[in-house]
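Text of the file data_0.csv, holding CSV, C-alpha atoms and all ligand atoms:
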```csv
chain,number,residue,atom,x,y,z
A,18,MET,CA,46.2,-29.7,-41.9
A,19,ASN,CA,46.7,-33.3,-41.0
A,20,GLY,CA,44.3,-34.5,-38.2
A,21,GLY,CA,47.2,-36.3,-36.6
A,22,ALA,CA,46.0,-39.9,-36.4
A,23,SER,CA,47.8,-41.2,-39.4
A,24,ARG,CA,51.3,-42.4,-38.9
A,25,GLY,CA,54.6,-41.3,-40.5
A,26,GLY,CA,52.8,-38.6,-42.7
A,27,GLY,CA,50.6,-41.4,-44.1
A,28,ARG,CA,53.3,-43.7,-45.3
A,29,ALA,CA,53.1,-47.2,-44.0
A,30,PRO,CA,56.5,-48.9,-43.4
A,31,GLY,CA,56.6,-51.6,-46.0
A,32,ARG,CA,54.2,-52.4,-48.7
A,33,PRO,CA,50.5,-51.8,-47.9
A,34,VAL,CA,48.5,-55.0,-47.6
A,35,GLY,CA,46.0,-55.4,-50.5
A,36,GLU,CA,45.6,-54.3,-54.1
A,37,ILE,CA,44.6,-51.2,-55.9
A,38,THR,CA,41.1,-51.6,-57.3
A,39,ARG,CA,38.5,-49.5,-59.1
A,40,GLY,CA,37.9,-46.2,-57.3
A,41,THR,CA,34.2,-45.7,-58.0
A,42,THR,CA,32.5,-43.6,-55.3
A,43,GLY,CA,30.0,-40.8,-55.0
A,44,HIS,CA,28.3,-38.2,-52.8
A,45,ASN,CA,26.0,-39.7,-50.2
A,46,ARG,CA,26.5,-43.2,-51.5
A,47,LEU,CA,27.2,-44.5,-48.0
A,48,ARG,CA,24.5,-42.5,-46.2
A,49,ARG,CA,22.6,-45.6,-45.1
A,50,ALA,CA,25.6,-47.2,-43.5
A,51,ASP,CA,26.7,-43.9,-42.0
A,52,ARG,CA,23.3,-43.4,-40.4
A,53,TRP,CA,23.3,-47.0,-39.0
A,54,THR,CA,26.9,-46.6,-37.7
A,55,ALA,CA,26.1,-43.3,-35.9
A,56,ALA,CA,23.0,-44.9,-34.3
A,57,VAL,CA,24.3,-48.3,-33.4
A,58,TYR,CA,27.8,-47.2,-32.1
A,59,ARG,CA,26.7,-44.0,-30.5
A,60,PRO,CA,27.4,-45.4,-26.9
A,61,LEU,CA,30.8,-46.7,-28.1
A,62,LEU,CA,31.7,-43.4,-29.7
A,63,VAL,CA,30.5,-41.3,-26.8
A,64,SER,CA,32.3,-43.3,-24.1
A,65,ALA,CA,35.6,-44.0,-25.8
A,66,GLU,CA,38.8,-42.1,-25.0
A,67,ARG,CA,40.1,-40.4,-28.1
A,68,PRO,CA,38.0,-42.4,-30.6
A,69,LEU,CA,39.6,-43.0,-33.9
A,70,VAL,CA,37.6,-44.2,-37.0
A,71,VAL,CA,39.1,-45.5,-40.2
A,72,ASP,CA,37.4,-45.3,-43.6
A,73,LEU,CA,39.4,-48.0,-45.5
A,74,GLY,CA,39.4,-47.8,-49.3
A,75,TYR,CA,37.6,-44.4,-49.8
A,76,GLY,CA,38.2,-44.5,-53.5
A,77,ALA,CA,38.8,-41.8,-56.2
A,78,SER,CA,37.4,-39.0,-54.0
A,79,HIS,CA,37.5,-37.9,-50.4
A,80,VAL,CA,33.7,-37.4,-50.3
A,81,THR,CA,32.5,-40.5,-48.4
A,82,THR,CA,35.2,-40.1,-45.7
A,83,THR,CA,34.3,-36.4,-45.3
A,84,GLU,CA,30.6,-37.3,-45.0
A,85,LEU,CA,31.4,-40.0,-42.4
A,86,PHE,CA,33.5,-37.5,-40.5
A,87,ILE,CA,30.6,-34.9,-40.5
A,88,ARG,CA,28.0,-37.4,-39.4
A,89,LEU,CA,30.1,-38.9,-36.6
A,90,ARG,CA,31.1,-35.5,-35.3
A,91,ARG,CA,27.5,-34.9,-34.6
A,92,VAL,CA,27.7,-37.9,-32.2
A,93,ARG,CA,31.1,-37.2,-30.9
A,94,PRO,CA,32.5,-33.8,-31.6
A,95,ASP,CA,36.1,-34.7,-31.2
A,96,VAL,CA,36.1,-38.0,-33.1
A,97,GLU,CA,39.1,-38.4,-35.5
A,98,VAL,CA,38.6,-39.9,-38.9
A,99,VAL,CA,41.4,-41.2,-41.2
A,100,GLY,CA,40.7,-42.2,-44.8
A,101,ILE,CA,43.1,-44.9,-45.8
A,102,GLU,CA,43.7,-45.7,-49.5
A,103,ILE,CA,46.1,-48.1,-51.1
A,104,ASP,CA,46.4,-45.9,-54.3
A,105,ARG,CA,49.0,-43.2,-53.7
A,106,ALA,CA,47.4,-40.8,-56.3
A,107,ARG,CA,44.0,-41.0,-54.5
A,108,VAL,CA,45.7,-40.1,-51.2
A,109,ALA,CA,47.3,-37.1,-52.9
A,110,ALA,CA,43.9,-36.1,-54.4
A,111,ALA,CA,42.2,-36.2,-50.9
A,112,ARG,CA,44.9,-34.4,-48.9
A,113,PRO,CA,43.7,-30.9,-49.8
A,114,TYR,CA,40.5,-31.8,-48.0
A,115,GLU,CA,42.1,-32.5,-44.6
A,116,ARG,CA,41.0,-30.5,-41.7
A,117,PRO,CA,41.4,-30.8,-37.9
A,118,GLY,CA,40.3,-34.4,-37.0
A,119,LEU,CA,40.1,-35.6,-40.7
A,120,SER,CA,43.2,-36.9,-42.5
A,121,PHE,CA,44.1,-39.2,-45.4
A,122,ALA,CA,46.9,-41.7,-45.5
A,123,LEU,CA,48.4,-44.3,-47.7
A,124,GLY,CA,48.0,-47.9,-46.5
A,125,GLY,CA,46.1,-51.1,-46.7
A,126,PHE,CA,44.5,-53.8,-44.4
A,127,GLU,CA,47.4,-53.3,-42.0
A,128,LEU,CA,45.9,-49.9,-41.1
A,129,PRO,CA,48.8,-47.5,-40.6
A,130,VAL,CA,47.4,-45.4,-37.8
A,131,ASP,CA,48.9,-44.2,-34.6
A,132,ARG,CA,46.5,-46.1,-32.3
A,133,PRO,CA,44.0,-48.9,-32.6
A,134,PRO,CA,40.8,-47.7,-34.3
A,135,LEU,CA,37.5,-47.9,-32.6
A,136,ILE,CA,35.6,-48.3,-35.8
A,137,VAL,CA,36.8,-49.4,-39.3
A,138,ARG,CA,34.4,-48.8,-42.2
A,139,ALA,CA,35.2,-50.6,-45.5
A,140,PHE,CA,32.7,-50.2,-48.2
A,141,ASN,CA,32.9,-51.6,-51.7
A,142,VAL,CA,36.4,-52.7,-51.1
A,143,LEU,CA,36.4,-56.4,-50.5
A,144,ARG,CA,33.9,-57.1,-53.3
A,145,GLN,CA,36.9,-56.8,-55.7
A,146,TYR,CA,38.8,-59.5,-53.8
A,147,GLY,CA,38.3,-63.3,-53.7
A,148,GLU,CA,36.0,-64.8,-51.1
A,149,GLY,CA,38.9,-66.4,-49.2
A,150,GLN,CA,40.9,-63.1,-49.3
A,151,ALA,CA,37.9,-61.3,-47.9
A,152,TRP,CA,37.9,-63.6,-44.9
A,153,GLU,CA,41.6,-63.0,-44.5
A,154,ALA,CA,41.1,-59.3,-44.6
A,155,TRP,CA,38.5,-59.5,-41.9
A,156,ASP,CA,40.9,-61.4,-39.7
A,157,LEU,CA,43.6,-58.8,-40.2
A,158,LEU,CA,41.3,-55.9,-39.6
A,159,ARG,CA,39.8,-57.5,-36.5
A,160,SER,CA,43.3,-57.9,-35.0
A,161,ARG,CA,43.8,-54.1,-35.3
A,162,LEU,CA,40.7,-53.0,-33.4
A,163,ALA,CA,40.7,-51.1,-30.2
A,164,PRO,CA,39.0,-52.9,-27.3
A,165,GLY,CA,35.2,-53.0,-27.9
A,166,GLY,CA,35.8,-51.8,-31.5
A,167,ALA,CA,33.9,-52.8,-34.6
A,168,ILE,CA,34.2,-53.2,-38.4
A,169,ILE,CA,31.4,-52.3,-40.8
A,170,GLU,CA,32.2,-54.0,-44.1
A,171,GLY,CA,29.7,-53.9,-46.9
A,172,THR,CA,28.6,-53.2,-50.4
A,173,CYS,CA,26.1,-50.9,-52.1
A,174,SER,CA,24.7,-49.9,-55.4
A,175,GLU,CA,26.2,-47.0,-57.4
A,176,ILE,CA,24.1,-44.4,-55.8
A,177,GLY,CA,23.6,-46.2,-52.5
A,178,HIS,CA,19.9,-47.2,-52.7
A,179,ARG,CA,20.7,-50.8,-52.1
A,180,ALA,CA,23.2,-51.8,-49.5
A,181,ALA,CA,24.2,-54.7,-47.3
A,182,TRP,CA,26.9,-54.9,-44.6
A,183,VAL,CA,28.4,-57.1,-41.9
A,184,ALA,CA,29.4,-55.8,-38.5
A,185,LEU,CA,32.3,-57.5,-36.8
A,186,ASP,CA,34.0,-57.2,-33.5
A,187,ALA,CA,37.3,-58.7,-32.4
A,188,ARG,CA,35.8,-62.2,-32.1
A,189,GLY,CA,34.3,-62.3,-35.6
A,190,PRO,CA,31.2,-61.3,-37.6
A,191,ARG,CA,28.2,-60.5,-35.4
A,192,THR,CA,25.4,-59.1,-37.6
A,193,VAL,CA,24.2,-58.7,-41.2
A,194,THR,CA,22.1,-55.7,-42.3
A,195,LEU,CA,20.2,-55.2,-45.5
A,196,SER,CA,19.1,-51.6,-46.2
A,197,ALA,CA,17.2,-50.3,-49.2
A,198,ARG,CA,15.4,-47.3,-50.5
A,199,LEU,CA,11.9,-48.6,-50.6
A,200,THR,CA,11.3,-47.5,-54.2
A,201,GLY,CA,14.6,-49.0,-55.2
A,202,PHE,CA,13.7,-52.7,-55.6
A,203,GLU,CA,10.9,-55.0,-56.7
A,204,ARG,CA,11.5,-57.7,-54.2
A,205,PRO,CA,13.9,-58.0,-51.2
A,206,SER,CA,16.0,-60.6,-53.0
A,207,ASP,CA,17.0,-57.9,-55.4
A,208,LEU,CA,19.5,-56.9,-52.7
A,209,ALA,CA,21.3,-60.2,-53.2
A,210,GLU,CA,23.6,-58.5,-55.8
A,211,ARG,CA,24.9,-56.2,-53.0
A,212,LEU,CA,25.7,-58.9,-50.5
A,213,PRO,CA,29.2,-58.7,-49.0
A,214,LYS,CA,31.9,-60.9,-50.6
A,215,THR,CA,31.7,-63.5,-47.9
A,216,LEU,CA,28.0,-64.1,-48.6
A,217,ILE,CA,27.4,-63.3,-52.2
A,218,HIS,CA,28.6,-66.6,-53.6
A,219,ARG,CA,26.5,-68.4,-51.0
A,220,ASN,CA,23.2,-67.2,-52.4
A,221,VAL,CA,22.5,-70.7,-53.7
A,222,PRO,CA,19.9,-73.3,-52.6
A,223,GLY,CA,20.9,-75.0,-49.4
A,224,GLU,CA,22.7,-72.0,-48.0
A,225,ARG,CA,21.1,-70.0,-45.2
A,226,VAL,CA,21.3,-66.7,-46.9
A,227,HIS,CA,19.5,-68.1,-49.9
A,228,GLY,CA,16.7,-69.4,-47.7
A,229,PHE,CA,16.5,-66.1,-45.9
A,230,LEU,CA,16.0,-64.1,-49.2
A,231,ARG,CA,13.5,-66.6,-50.4
A,232,ASP,CA,11.5,-66.2,-47.2
A,233,PHE,CA,11.8,-62.4,-47.3
A,234,ASP,CA,10.4,-62.4,-50.8
A,235,HIS,CA,7.5,-64.5,-49.6
A,236,ALA,CA,6.9,-62.1,-46.6
A,237,TRP,CA,7.1,-59.2,-49.0
A,238,ALA,CA,4.4,-60.8,-51.2
A,239,LEU,CA,2.2,-61.5,-48.2
A,240,ALA,CA,2.6,-57.9,-47.1
A,241,ALA,CA,1.4,-56.5,-50.4
A,242,PRO,CA,-2.0,-55.3,-49.0
A,243,TYR,CA,0.0,-52.9,-46.7
A,244,GLY,CA,1.3,-51.2,-49.9
A,245,ALA,CA,-2.0,-49.3,-49.8
A,246,TYR,CA,-0.6,-47.4,-46.8
A,247,GLY,CA,2.8,-46.9,-48.5
A,248,LEU,CA,6.0,-49.0,-49.1
A,249,ARG,CA,7.2,-48.2,-45.6
A,250,GLN,CA,4.2,-49.9,-44.0
A,251,ARG,CA,4.7,-52.8,-46.4
A,252,TRP,CA,8.4,-53.2,-45.5
A,253,MET,CA,7.6,-53.1,-41.7
A,254,ALA,CA,4.8,-55.7,-42.1
A,255,ALA,CA,7.1,-58.0,-44.2
A,256,VAL,CA,9.9,-57.7,-41.6
A,257,ALA,CA,7.4,-58.5,-38.8
A,258,HIS,CA,6.3,-61.5,-40.7
A,259,LEU,CA,9.8,-62.6,-41.3
A,260,ALA,CA,10.6,-62.3,-37.6
A,261,ARG,CA,8.3,-65.3,-37.0
A,262,SER,CA,10.8,-67.6,-38.6
A,263,TRP,CA,14.1,-65.7,-38.6
A,264,PRO,CA,16.0,-64.1,-35.6
A,265,VAL,CA,15.5,-60.6,-36.9
A,266,ALA,CA,16.7,-58.0,-34.4
A,267,LEU,CA,13.5,-56.7,-32.8
A,268,THR,CA,14.8,-54.0,-30.4
A,269,PRO,CA,17.1,-51.0,-30.6
A,270,PRO,CA,19.7,-50.2,-31.5
A,271,LEU,CA,19.7,-52.9,-34.2
A,272,GLY,CA,16.0,-53.5,-34.7
A,273,GLY,CA,12.5,-52.2,-34.0
A,274,ARG,CA,10.2,-50.0,-36.0
A,275,ARG,CA,12.5,-47.0,-35.9
A,276,ARG,CA,15.1,-48.9,-37.9
A,277,TRP,CA,12.7,-50.9,-40.1
A,278,ARG,CA,11.0,-47.7,-41.2
A,279,LEU,CA,14.3,-46.8,-42.8
A,280,GLY,CA,14.1,-49.9,-45.0
A,281,GLU,CA,16.5,-51.8,-42.9
A,282,VAL,CA,16.6,-55.2,-41.3
A,283,THR,CA,19.4,-56.7,-39.2
A,284,LEU,CA,20.0,-60.3,-38.2
A,285,PRO,CA,22.8,-62.2,-36.3
A,286,TRP,CA,25.5,-63.3,-38.6
A,287,ALA,CA,25.0,-66.9,-37.5
A,288,ALA,CA,21.5,-66.9,-39.0
A,289,LEU,CA,22.9,-66.3,-42.5
A,290,ALA,CA,26.5,-67.6,-42.2
A,291,PRO,CA,27.9,-70.1,-44.6
A,292,ASP,CA,28.7,-73.5,-43.1
A,293,SER,CA,32.3,-73.4,-44.2
A,294,ARG,CA,34.9,-70.8,-44.8
A,295,PRO,CA,36.8,-71.0,-48.1
A,296,SER,CA,40.5,-71.0,-48.2
A,297,ALA,CA,42.2,-67.9,-49.5
B,301,LIG,C1,35.1,-49.0,-55.2
B,301,LIG,S1,36.2,-48.0,-54.3
B,301,LIG,C2,35.1,-47.7,-52.9
B,301,LIG,C3,35.1,-46.2,-52.5
B,301,LIG,C4,34.2,-45.9,-51.3
B,301,LIG,N1,34.5,-46.7,-50.2
B,301,LIG,C5,32.8,-46.1,-51.7
B,301,LIG,O1,32.2,-47.1,-51.3
B,301,LIG,O2,32.2,-45.3,-52.3
B,301,LIG,C6,37.3,-49.2,-53.6
B,301,LIG,C7,38.6,-48.5,-53.2
B,301,LIG,O3,39.3,-49.4,-52.3
B,301,LIG,C8,40.7,-49.3,-52.5
B,301,LIG,N2,41.3,-50.5,-51.9
B,301,LIG,C9,41.3,-51.7,-52.3
B,301,LIG,N3,42.0,-52.5,-51.5
B,301,LIG,C10,42.4,-51.7,-50.5
B,301,LIG,C11,43.2,-52.0,-49.3
B,301,LIG,N4,43.6,-53.2,-49.0
B,301,LIG,N5,43.5,-51.0,-48.5
B,301,LIG,C12,43.1,-49.7,-48.8
B,301,LIG,N6,42.4,-49.4,-49.9
B,301,LIG,C13,42.0,-50.4,-50.7
B,301,LIG,C14,40.8,-49.2,-54.0
B,301,LIG,O4,42.0,-48.7,-54.3
B,301,LIG,C15,39.6,-48.3,-54.3
B,301,LIG,O5,40.0,-47.0,-54.4
```
Represent the structure of the file as structure tokens.
Ligand SMILES: C[S@@+](CC[C@H](N)C(=O)[O-])C[C@H]1O[C@@H](n2cnc3c(N)ncnc32)[C@H](O)[C@@H]1O
Amino acid sequence: MNGGASRGGGRAPGRPVGEITRGTTGHNRLRRADRWTAAVYRPLLVSAERPLVVDLGYGASHVTTTELFIRLRRVRPDVEVVGIEIDRARVAAARPYERPGLSFALGGFELPVDRPPLIVRAFNVLRQYGEGQAWEAWDLLRSRLAPGGAIIEGTCSEIGHRAAWVALDARGPRTVTLSARLTGFERPSDLAERLPKTLIHRNVPGERVHGFLRDFDHAWALAAPYGAYGLRQRWMAAVAHLARSWPVALTPPLGGRRRWRLGEVTLPWAALAPDSRPSA
């Protein structure tokens, strides 16, 4: 059964905006971002009228969209989730998994849904575009949001142990989050390979994101003695040290020990942003 929020039986009028890219995905791969989304946007989800969430570019299987649906339904039992894919065959493969409130539709960055989405999640989608194209996709997605809505755009490793994402609202990018399984890296800068498209090419000397990762590695080294109490204690000590020189989010919902103990750290976008935006 179609959950009802996709338009015209899932067919966008005109050609979907974007390109078909590799469909790699997997069970639980986006758990870190799902958990963050459910916590950070809980007030938004709970208070919205008929909240609609889009999972853009869900890939070769329905699984990450279904997992997002299950996790967000714990927060808001009537939330509707639509998985949007630009590959027609992937939409056909996901359709048998539709259920009330969960549907799959053909489309692209134009988001062919029946009302503005409250949240758009796009993971491992923009990495396969150019840096300028990624900025343009952000612009288009932002213009589609419901009032107060948000986009979570990010990248993760194959099984999701290393992830990074940017949260945006209608005005632009607001925050950057790094999230890692604490046994999944040697030093925090190992997460650089998972930076979103708009940051990954900026990990060079002179750019803010490069300076941040350098300082995070330094803080991680200084926090080594805490490793005796476990990697979680070491991560929290490193983040606390980092917070002396970087505007790390310190209080909920974005920061504080409860988030840090999960292997997360969030900063304002401006702290890591490139000075200039490339042309598409
Ligand atoms: C690597 S898969 C990611 C799957 C899933 N989001 C994940 O992280 O596990 C990327 C998917 O995005 C789709 N895609 C790329 N550009 C798109 C666009 N503009 N609109 C919708 N889907 C798109 C591709 O067809 C591909 O299936």
Residues up to 7 Å from ligand LIG 301 (chain B), counting all atoms listed in the file: could you list those as a PDB file with C-alpha atoms, in the frame of the given file?
```pdb
ATOM      1  CA  VAL A  34      48.500 -55.000 -47.600  1.00  0.00           C
ATOM      2  CA  GLY A  35      46.000 -55.400 -50.500  1.00  0.00           C
ATOM      3  CA  GLU A  36      45.600 -54.300 -54.100  1.00  0.00           C
ATOM      4  CA  ILE A  37      44.600 -51.200 -55.900  1.00  0.00           C
ATOM      5  CA  THR A  38      41.100 -51.600 -57.300  1.00  0.00           C
ATOM      6  CA  ARG A  39      38.500 -49.500 -59.100  1.00  0.00           C
ATOM      7  CA  GLY A  40      37.900 -46.200 -57.300  1.00  0.00           C
ATOM      8  CA  THR A  41      34.200 -45.700 -58.000  1.00  0.00           C
ATOM      9  CA  THR A  42      32.500 -43.600 -55.300  1.00  0.00           C
ATOM     10  CA  GLY A  43      30.000 -40.800 -55.000  1.00  0.00           C
ATOM     11  CA  ARG A  46      26.500 -43.200 -51.500  1.00  0.00           C
ATOM     12  CA  LEU A  47      27.200 -44.500 -48.000  1.00  0.00           C
ATOM     13  CA  LEU A  73      39.400 -48.000 -45.500  1.00  0.00           C
ATOM     14  CA  GLY A  74      39.400 -47.800 -49.300  1.00  0.00           C
ATOM     15  CA  TYR A  75      37.600 -44.400 -49.800  1.00  0.00           C
ATOM     16  CA  GLY A  76      38.200 -44.500 -53.500  1.00  0.00           C
ATOM     17  CA  ALA A  77      38.800 -41.800 -56.200  1.00  0.00           C
ATOM     18  CA  THR A  81      32.500 -40.500 -48.400  1.00  0.00           C
ATOM     19  CA  ILE A 101      43.100 -44.900 -45.800  1.00  0.00           C
ATOM     20  CA  GLU A 102      43.700 -45.700 -49.500  1.00  0.00           C
ATOM     21  CA  ILE A 103      46.100 -48.100 -51.100  1.00  0.00           C
ATOM     22  CA  ASP A 104      46.400 -45.900 -54.300  1.00  0.00           C
ATOM     23  CA  GLY A 124      48.000 -47.900 -46.500  1.00  0.00           C
ATOM     24  CA  GLY A 125      46.100 -51.100 -46.700  1.00  0.00           C
ATOM     25  CA  PHE A 126      44.500 -53.800 -44.400  1.00  0.00           C
ATOM     26  CA  ALA A 139      35.200 -50.600 -45.500  1.00  0.00           C
ATOM     27  CA  PHE A 140      32.700 -50.200 -48.200  1.00  0.00           C
ATOM     28  CA  ASN A 141      32.900 -51.600 -51.700  1.00  0.00           C
ATOM     29  CA  VAL A 142      36.400 -52.700 -51.100  1.00  0.00           C
ATOM     30  CA  LEU A 143      36.400 -56.400 -50.500  1.00  0.00           C
TER      31      LEU A 143
END
```
Shell around His79 in chain A at 9 Å using only C-alpha atoms, local window under 3 positions removed, as number ranges by chain: A: 75-76, 82-84, 100, 107-108, 110-112, 114, 121
Asp95 in chain A: which residues within 10 Å, counting all atoms listed in the file, same-chain residues fewer than 4 positions away excluded, as a PyMOL selection string? chain A and resi 62-63+67-69+89-91+117-118
Would you mind telling me which residue in A:Thr200, A:Thr172, A:Thr215, A:Ser64 lies nearest to Trp286 in chain A when using all atoms listed in the file? A:Thr215
What separates CA of Arg251 in chain A and CA of Pro269 in chain A is a distance of 20.2 Å
Looking at A:Arg138, A:Arg211, A:His178, A:Arg105, which one is nearest to Phe86 in chain A, with distances taken over only C-alpha atoms?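 Distance minimum relative to Phe86 in chain A lands on A:Arg138.
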Which residue out of A:Gly244, A:Pro113, A:Pro270, A:Gly201 has the minimum interatomic distance to Thr54 in chain A when only C-alpha atoms are used? A:Pro270
Which residue of A:Ala254, A:Val130, A:Leu195, A:Val98 approaches Arg116 in chain A most closely, using only C-alpha atoms: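 Checking each candidate against Arg116 in chain A, we get A:Val98 as the closest.
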Selection near Ala197 in chain A, 12 Å with only C-alpha atoms, sequence-local residues under 6 positions removed, as a VMD selection string: chain A and resid 46 to 50 172 to 174 176 to 182 203 to 209 211 248 to 249 252 276 to 282
Go ahead and write the residues just picked, C-alpha atoms, as a short mmCIF file (atom, residue, chain, number, x, y, z; two decimals), keeping the file's coordinate frame.
```
data_model
loop_
_atom_site.label_atom_id
_atom_site.label_comp_id
_atom_site.auth_asym_id
_atom_site.auth_seq_id
_atom_site.Cartn_x
_atom_site.Cartn_y
_atom_site.Cartn_z
CA ARG A 46 26.50 -43.20 -51.50
CA LEU A 47 27.20 -44.50 -48.00
CA ARG A 48 24.50 -42.50 -46.20
CA ARG A 49 22.60 -45.60 -45.10
CA ALA A 50 25.60 -47.20 -43.50
CA THR A 172 28.60 -53.20 -50.40
CA CYS A 173 26.10 -50.90 -52.10
CA SER A 174 24.70 -49.90 -55.40
CA ILE A 176 24.10 -44.40 -55.80
CA GLY A 177 23.60 -46.20 -52.50
CA HIS A 178 19.90 -47.20 -52.70
CA ARG A 179 20.70 -50.80 -52.10
CA ALA A 180 23.20 -51.80 -49.50
CA ALA A 181 24.20 -54.70 -47.30
CA TRP A 182 26.90 -54.90 -44.60
CA GLU A 203 10.90 -55.00 -56.70
CA ARG A 204 11.50 -57.70 -54.20
CA PRO A 205 13.90 -58.00 -51.20
CA SER A 206 16.00 -60.60 -53.00
CA ASP A 207 17.00 -57.90 -55.40
CA LEU A 208 19.50 -56.90 -52.70
CA ALA A 209 21.30 -60.20 -53.20
CA ARG A 211 24.90 -56.20 -53.00
CA LEU A 248 6.00 -49.00 -49.10
CA ARG A 249 7.20 -48.20 -45.60
CA TRP A 252 8.40 -53.20 -45.50
CA ARG A 276 15.10 -48.90 -37.90
CA TRP A 277 12.70 -50.90 -40.10
CA ARG A 278 11.00 -47.70 -41.20
CA LEU A 279 14.30 -46.80 -42.80
CA GLY A 280 14.10 -49.90 -45.00
CA GLU A 281 16.50 -51.80 -42.90
CA VAL A 282 16.60 -55.20 -41.30
#
```
Any idea what the distance is between CA of Ala255 in chain A and CA of Ala240 in chain A? 5.4 Å
Nearest candidate to His218 in chain A (options A:Arg159, A:Arg144, A:Arg88, A:Arg132; using all atoms listed in the file):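 Nearest candidate to His218 in chain A out of A:Arg159, A:Arg144, A:Arg88, A:Arg132: A:Arg144.
Neighbours of range 56-61 of chain A closer than or equal to 8 Å, with only C-alpha atoms counted and sequence neighbours fewer than 5 positions away skipped, come out as Val92, Gly165, Gly166, Pro270 and Leu271 of chain A.
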Which distance in Å separates CA of Gly247 in chain A and CA of Ser196 in chain A, to one decimal?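 Rounded to one decimal, the two atoms are 17.1 Å apart.
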List the neighbours of Arg219 in chain A out to 9 Å using all atoms listed in the file; skip same-chain residues closer than 5 positions along the sequence, and give me the result as number ranges by chain. A: 224-227, 290-291
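Shortest atom-to-atom contact with Pro134 in chain A among A:Pro295, A:Pro164, A:Pro190, A:Pro94: A:Pro164, counting all atoms listed in the file.
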Would you pull range 33-51 of chain A out of the block just shown and save C-alpha atoms as a compact mmCIF listing (two decimals), in the first residue's frame?
```txt
# COMPACT_ATOMS: atom_id res chain seq x y z
CA PRO A 33 13.93 13.97 -12.25
CA VAL A 34 16.76 16.34 -11.32
CA GLY A 35 20.05 14.49 -10.85
CA GLU A 36 21.84 11.40 -12.11
CA ILE A 37 21.65 7.68 -11.39
CA THR A 38 24.71 6.67 -9.39
CA ARG A 39 25.94 3.54 -7.62
CA GLY A 40 23.27 2.05 -5.36
CA THR A 41 25.46 0.67 -2.54
CA THR A 42 23.60 0.45 0.75
CA GLY A 43 23.15 -1.92 3.66
CA HIS A 44 21.29 -2.79 6.85
CA ASN A 45 21.91 -0.39 9.72
CA ARG A 46 24.42 1.60 7.76
CA LEU A 47 22.75 4.89 8.65
CA ARG A 48 21.96 4.08 12.27
CA ARG A 49 24.21 6.84 13.59
CA ALA A 50 22.50 9.52 11.54
CA ASP A 51 19.03 8.09 12.27
```
